[in-house]
Every structure is written in C-alpha cells, then in structure tokens.
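Report on the following structure.
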Amino acid sequence: MNIKTWLCSSKKKLINSLTPQLDSEILICYVLKYSKKTLFLNYSAIINCNDLLILNRLLYRRILGEPIAYIINKKEFWSLSLFVSPAVLIPRPDTELLIELVMSHTHLRNEFILDLGTGSGSIALSLAYEYPLCKIIGIDNNLSALSIAKYNARKLNIKNVFFMYSNWFSCIPLRKFYIIVCNPPYLSRQDFCKSTENLVFEPYNSLVSGKYGIECIHHIITNAYRHLTSMGWLYIEHCYRQTNIVKKIFKNNFFIKISSVKDYSNRNRVTFGCLLK
C-alpha cells in the first residue's frame with residue numbers, strides 16, 4: 001500500500017474525528033519520520049509492512065477516541081515541543097492566554113514565579129523560556145507528572161525552572177512569589193459526565209475539582225496571600241461560567257485590580273488580581 005492510499009483509507013475510518021485528514025497526516029509523519037513537505041512529495045511511496053502494522057495500530061487507537069497527543073507523545077505549547085502521556089493533561093491553546101497575560105501586565109527581572117499544578121510543565125517552562133533571569137517553581141501532587149515535567153525541562157535545556165512535589169501550597173518553600181499562575185481542575189463531577197469532549201483518556205484529577213467545580217480555585221485564592229509578595233499577582237484559568245464567583249473570591253481575599261480576559265472563543269477564561277497587603 002502506498003502513502004496516498006493509506007491516507008484516503010484512514011480518513012474514511014476516522015468518522016468521529018473533526019480533523020480526519022490532519023490526524024492521518026500526523027500519524028503517518030510520526031511513524032515514517034517525515035516532515036509535511038516530505039510527505040507531500042512522496043504520496044506514491046510504498047509503506048513497508050512493519051510501518052504499516054504500526055500505523056494501523058495507532059490508527060485504531062485514534063478511532064477509539066484517544067487524543068493524537070497521547071498517541072505520538074507530543075504536544076506543542078507556546079512554540080515548545082512537550083512530551084505528554086496520559087499521566088498529564090494535554091496543554092490547550094487557550095491556556096497560552098496565561099502566558100500572554102503575565103507578559104503583558106508585569107515587568108519581570110529576577111522575580112520568583114510559582115506554577116501550581118504544573119502537569120507536563122507547559123506553563124512553567126514557557127515562562128522560564130521567556131524570562132531566563134527569573135526562577136520558576138512548578139509543583140504537582142502527581143509524581144508521574146513531575147517526572148514528565150523534569151524530562152521536558154532537560155529536553156528543552158531550560159535551566160531556570162525547578163519542579164517539586166506539593167499538594168497545592170502544602171510543601172511550598174518559605175518564600176514569597178511575585179507571580180502565581182495556575183490552571184487548576186475546574187469541572188464539577190456533573191460537568192465531566194455531561195462533557196461532549198472525549199476526556200476519558202485524560203487524568204480525572206486534573207479535570208474535576210469536586211462536586212461544584214470551584215473547590216480548587218477557592219482553596220488557591222484563599223491561601224495565596226501567604227505566598228505572594230505585597231502587590232504580587234495571581235492568575236487563574238477557569239470555566240467562563242465561573243467568572244462572577246471567581247471575581248468575588250478574589251475580592252473577598254484582598255485582591256485589587258481584578259480583571260477577567262476572554263479566550264479565543266470569546267469566553268472569559270482567565271481572571272487575575274493584585275494582592276493588597
């Protein structure tokens with residue numbers, strides 16, 4: 001079977017995918033170690049039996065709904081190529097809004113930044129990449145996630161980021177941070193069950209906060225003051241339906257300059273504020 005025939009066949013089989021052509025191209029480029037340009041120039045090339053067997057196995061996983069990022073163990077975030085596995089949440093493009101806001105609202109030199117619930121390290125590594133003079137600490141309560149974050153730091157040769165175990169603030173060093181960023185779990189159990197996205201492959205505890213979905217966010221905001229400098233900033237990603245309650249929690253915990261910013265879908269996605277001490 002040649003490449004063109006396999007692409008046509010796999011595209012027809014991916015009936016539940018919104019991007020069957022792209023999925024097929026990503027899989028074949030991954031297995032054959034081709035660039036998109038090389039693929040385009042070699043549509044008539046014959047796929048050897050071993051590669052065809054691997055391709056069909058990966059295609060079957062995709063047909064079952066497994067995300068492409070887990071199948072090829074890679075996801076781009078903020079132009080960084082990250083290793084990902086089912087132990088960590090797949091970084092979303094909307095989360096890049098956190099990086100944009102930190103860069104646009106604060107002038108950073110040698111500050112300390114804390115990333116709560118770092119997962120694959122996507123946020124911490126992006127900030128460390130953009131601010132090589134700052135010290136970034138990423139924490140997670142999942143040892144497998146921490147191993148992946150540390151691996152990504154080594155792979156990207158980013159030296160100014162450190163990863164450690166902590167259940168939110170429980171093991172944070174006695175130090176004040178100028179910025180705390182977080183993309184916490186913010187789905188309720190009901191939201192998870194009703195979601196139209198195929199989230200079953202991703203870690204449940206990285207998605208679901210509790211019965212109401214706001215529990216983790218409430219804990220983070222109400223405890224952040226112990227770890228922020230005076231006039232330090234807290235940035236939190238959340239569901240657009242939580243905007244009003246998130247703002248209220250900020251206000252009730254002595255934050256000022258509170259603002260919410262919309263994502264690429266024009267829905268409120270990140271709320272941030274400055275701590276008044």
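Each chain of the structure tokens is named A, B, ... in the order shown, its residues numbered from 1; ligands are numbered from 1 in display order.
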Problem set entry | Those of region 24-255 of chain A in DSSP strand (DSSP E or B), formatted as a PyMOL selection string | chain A and resi 46+75-77+80-82+112-116+135-140+161-165+177-182+187-188+208-210+228-237+255
Problem set entry | Close residues, Leu275 (chain A) itself excluded, 8 Å, only C-alpha atoms, min 3 positions apart in chain, as an MDAnalysis selection string | chainID A and resid 225 228:234 254:256
Problem set entry | alpha helix (DSSP H) per DSSP on the backbone: members of region 6-122 of chain A, as a PyMOL selection string | chain A and resi 6-13+20-32+36-41+49-63+68-72+96-105+122
Restricted to C-alpha atoms, what would the selected residues look like written as a PDB file, in the first residue's frame?
```pdb
ATOM      1  CA  TRP A   6      -3.391   4.723   3.281  1.00  0.00           C
ATOM      2  CA  LEU A   7      -4.278   8.372   3.861  1.00  0.00           C
ATOM      3  CA  CYS A   8      -7.526   8.035   1.914  1.00  0.00           C
ATOM      4  CA  SER A   9      -8.448   4.838   3.746  1.00  0.00           C
ATOM      5  CA  SER A  10      -7.649   6.167   7.222  1.00  0.00           C
ATOM      6  CA  LYS A  11      -9.526   9.406   6.605  1.00  0.00           C
ATOM      7  CA  LYS A  12     -12.701   7.415   5.868  1.00  0.00           C
ATOM      8  CA  LYS A  13     -12.293   5.379   9.056  1.00  0.00           C
ATOM      9  CA  PRO A  20      -9.549  13.173   9.967  1.00  0.00           C
ATOM     10  CA  GLN A  21      -7.156  14.378   7.261  1.00  0.00           C
ATOM     11  CA  LEU A  22      -4.873  16.119   9.745  1.00  0.00           C
ATOM     12  CA  ASP A  23      -4.965  13.153  12.140  1.00  0.00           C
ATOM     13  CA  SER A  24      -3.958  10.780   9.353  1.00  0.00           C
ATOM     14  CA  GLU A  25      -1.104  13.023   8.221  1.00  0.00           C
ATOM     15  CA  ILE A  26       0.229  13.441  11.758  1.00  0.00           C
ATOM     16  CA  LEU A  27       0.224   9.682  12.342  1.00  0.00           C
ATOM     17  CA  ILE A  28       1.991   8.824   9.111  1.00  0.00           C
ATOM     18  CA  CYS A  29       4.587  11.583   9.560  1.00  0.00           C
ATOM     19  CA  TYR A  30       5.214  10.293  13.086  1.00  0.00           C
ATOM     20  CA  VAL A  31       5.724   6.675  12.028  1.00  0.00           C
ATOM     21  CA  LEU A  32       7.717   7.390   8.863  1.00  0.00           C
ATOM     22  CA  LYS A  36       4.878  17.573   5.982  1.00  0.00           C
ATOM     23  CA  LYS A  37       6.893  18.576   2.912  1.00  0.00           C
ATOM     24  CA  THR A  38       8.461  15.120   2.576  1.00  0.00           C
ATOM     25  CA  LEU A  39       5.033  13.546   2.914  1.00  0.00           C
ATOM     26  CA  PHE A  40       3.631  15.754   0.164  1.00  0.00           C
ATOM     27  CA  LEU A  41       6.467  14.789  -2.171  1.00  0.00           C
ATOM     28  CA  CYS A  49       4.972  -3.994   6.221  1.00  0.00           C
ATOM     29  CA  ASN A  50       6.362  -3.117   9.637  1.00  0.00           C
ATOM     30  CA  ASP A  51       5.470   0.571   9.334  1.00  0.00           C
ATOM     31  CA  LEU A  52       2.029  -0.345   8.017  1.00  0.00           C
ATOM     32  CA  LEU A  53       1.411  -2.570  11.035  1.00  0.00           C
ATOM     33  CA  ILE A  54       2.419   0.240  13.421  1.00  0.00           C
ATOM     34  CA  LEU A  55       0.317   2.772  11.521  1.00  0.00           C
ATOM     35  CA  ASN A  56      -2.800   0.642  11.677  1.00  0.00           C
ATOM     36  CA  ARG A  57      -2.358   0.073  15.417  1.00  0.00           C
ATOM     37  CA  LEU A  58      -2.054   3.813  16.032  1.00  0.00           C
ATOM     38  CA  LEU A  59      -4.993   4.496  13.745  1.00  0.00           C
ATOM     39  CA  TYR A  60      -7.122   2.056  15.733  1.00  0.00           C
ATOM     40  CA  ARG A  61      -6.272   3.939  18.943  1.00  0.00           C
ATOM     41  CA  ARG A  62      -7.335   7.192  17.288  1.00  0.00           C
ATOM     42  CA  ILE A  63     -10.578   5.605  16.023  1.00  0.00           C
ATOM     43  CA  ILE A  68      -3.365  12.367  18.991  1.00  0.00           C
ATOM     44  CA  ALA A  69      -1.058  13.957  21.599  1.00  0.00           C
ATOM     45  CA  TYR A  70      -1.067  10.758  23.671  1.00  0.00           C
ATOM     46  CA  ILE A  71      -0.576   8.538  20.638  1.00  0.00           C
ATOM     47  CA  ILE A  72       2.547  10.392  19.465  1.00  0.00           C
ATOM     48  CA  GLU A  96      -1.443  30.159  26.395  1.00  0.00           C
ATOM     49  CA  LEU A  97      -3.565  33.143  27.429  1.00  0.00           C
ATOM     50  CA  LEU A  98      -1.988  32.803  30.892  1.00  0.00           C
ATOM     51  CA  ILE A  99       1.469  33.339  29.390  1.00  0.00           C
ATOM     52  CA  GLU A 100       0.287  36.287  27.311  1.00  0.00           C
ATOM     53  CA  LEU A 101      -1.256  37.997  30.337  1.00  0.00           C
ATOM     54  CA  VAL A 102       1.814  37.565  32.536  1.00  0.00           C
ATOM     55  CA  MET A 103       3.989  39.000  29.767  1.00  0.00           C
ATOM     56  CA  SER A 104       1.691  41.942  29.046  1.00  0.00           C
ATOM     57  CA  HIS A 105       0.794  43.004  32.582  1.00  0.00           C
ATOM     58  CA  SER A 122       3.863  23.649  29.968  1.00  0.00           C
TER      59      SER A 122
END
```
Counting only C-alpha atoms, what is within 8 Å of Tyr212 (chain A), bar same-chain residues fewer than 3 positions away, as a PDB file with N, CA, C and O atoms, in the first residue's frame?
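Full text of result_18.pdb as output:
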```
ATOM      1  N   LEU A 187     -13.742  21.557  36.604  1.00  0.00           N
ATOM      2  CA  LEU A 187     -15.008  20.922  36.234  1.00  0.00           C
ATOM      3  C   LEU A 187     -15.659  20.332  37.471  1.00  0.00           C
ATOM      4  O   LEU A 187     -14.980  19.818  38.365  1.00  0.00           O
ATOM      5  N   SER A 188     -16.979  20.383  37.534  1.00  0.00           N
ATOM      6  CA  SER A 188     -17.700  19.636  38.557  1.00  0.00           C
ATOM      7  C   SER A 188     -17.840  18.195  38.068  1.00  0.00           C
ATOM      8  O   SER A 188     -17.627  17.907  36.888  1.00  0.00           O
ATOM      9  N   ARG A 189     -18.215  17.312  38.966  1.00  0.00           N
ATOM     10  CA  ARG A 189     -18.416  15.922  38.544  1.00  0.00           C
ATOM     11  C   ARG A 189     -19.505  15.837  37.483  1.00  0.00           C
ATOM     12  O   ARG A 189     -19.421  15.053  36.536  1.00  0.00           O
ATOM     13  N   SER A 209     -12.686  19.171  39.970  1.00  0.00           N
ATOM     14  CA  SER A 209     -12.327  19.775  41.253  1.00  0.00           C
ATOM     15  C   SER A 209     -13.131  19.180  42.403  1.00  0.00           C
ATOM     16  O   SER A 209     -12.626  19.071  43.523  1.00  0.00           O
ATOM     17  N   GLU A 215     -14.032  24.203  43.958  1.00  0.00           N
ATOM     18  CA  GLU A 215     -13.329  23.914  45.206  1.00  0.00           C
ATOM     19  C   GLU A 215     -11.830  24.234  45.145  1.00  0.00           C
ATOM     20  O   GLU A 215     -11.287  24.877  46.056  1.00  0.00           O
TER      21      GLU A 215
END
```
For this session: Mind checking which residues fall within 7 Å of Asn73 (chain A), counting only C-alpha atoms, ignoring those fewer than 6 positions away in the same chain, and posting them as a PyMOL selection string?
Result: chain A and resi 83-85
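Omitting Asp140 (chain A) and its sequence neighbours fewer than 3 positions away, and counting only C-alpha atoms, the residues within 10 Å are Asp115, Leu116, Gly117, Thr118, Gly119, Ser120, Gly121, Leu143, Ser144, Ala145, Leu146, Ala149, Phe163, Met164, Tyr165, Ser166, Asn167, Trp168 and Phe169 of chain A.
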Output file for the residues above (C-alpha atoms, as a short mmCIF file (atom, residue, chain, number, x, y, z; two decimals), in the first residue's frame):
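Everything below was put into out-v2.cif:
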```cif
data_model
loop_
_atom_site.label_atom_id
_atom_site.label_comp_id
_atom_site.auth_asym_id
_atom_site.auth_seq_id
_atom_site.Cartn_x
_atom_site.Cartn_y
_atom_site.Cartn_z
CA ASP A 115 3.12 27.42 38.82
CA LEU A 116 0.52 25.41 40.75
CA GLY A 117 -0.43 22.03 39.30
CA THR A 118 2.27 22.09 36.64
CA GLY A 119 1.41 18.79 34.88
CA SER A 120 3.68 18.48 31.86
CA GLY A 121 5.36 21.73 32.88
CA LEU A 143 4.87 12.04 40.81
CA SER A 144 4.44 10.79 37.24
CA ALA A 145 3.58 14.32 36.09
CA LEU A 146 6.65 15.69 37.87
CA ALA A 149 7.89 18.00 33.60
CA PHE A 163 9.83 21.03 39.89
CA MET A 164 8.80 19.64 43.26
CA TYR A 165 6.05 17.66 44.95
CA SER A 166 3.35 19.63 46.75
CA ASN A 167 -0.40 19.35 47.22
CA TRP A 168 -1.15 22.94 46.25
CA PHE A 169 0.65 25.03 48.90
#
```
Exercise. So which residues touch region 239-253 of chain A within 12 Å, counting only C-alpha atoms, skipping near sequence neighbours fewer than 3 positions away, as a PyMOL selection string?
Worked result: chain A and resi 94-95+183-188+191+207-209+212-226+233-236+256-263+265-277
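CA of Ser17 (chain A) to CA of Arg92 (chain A) spans 17.4 Å [interatomic distance, one decimal].
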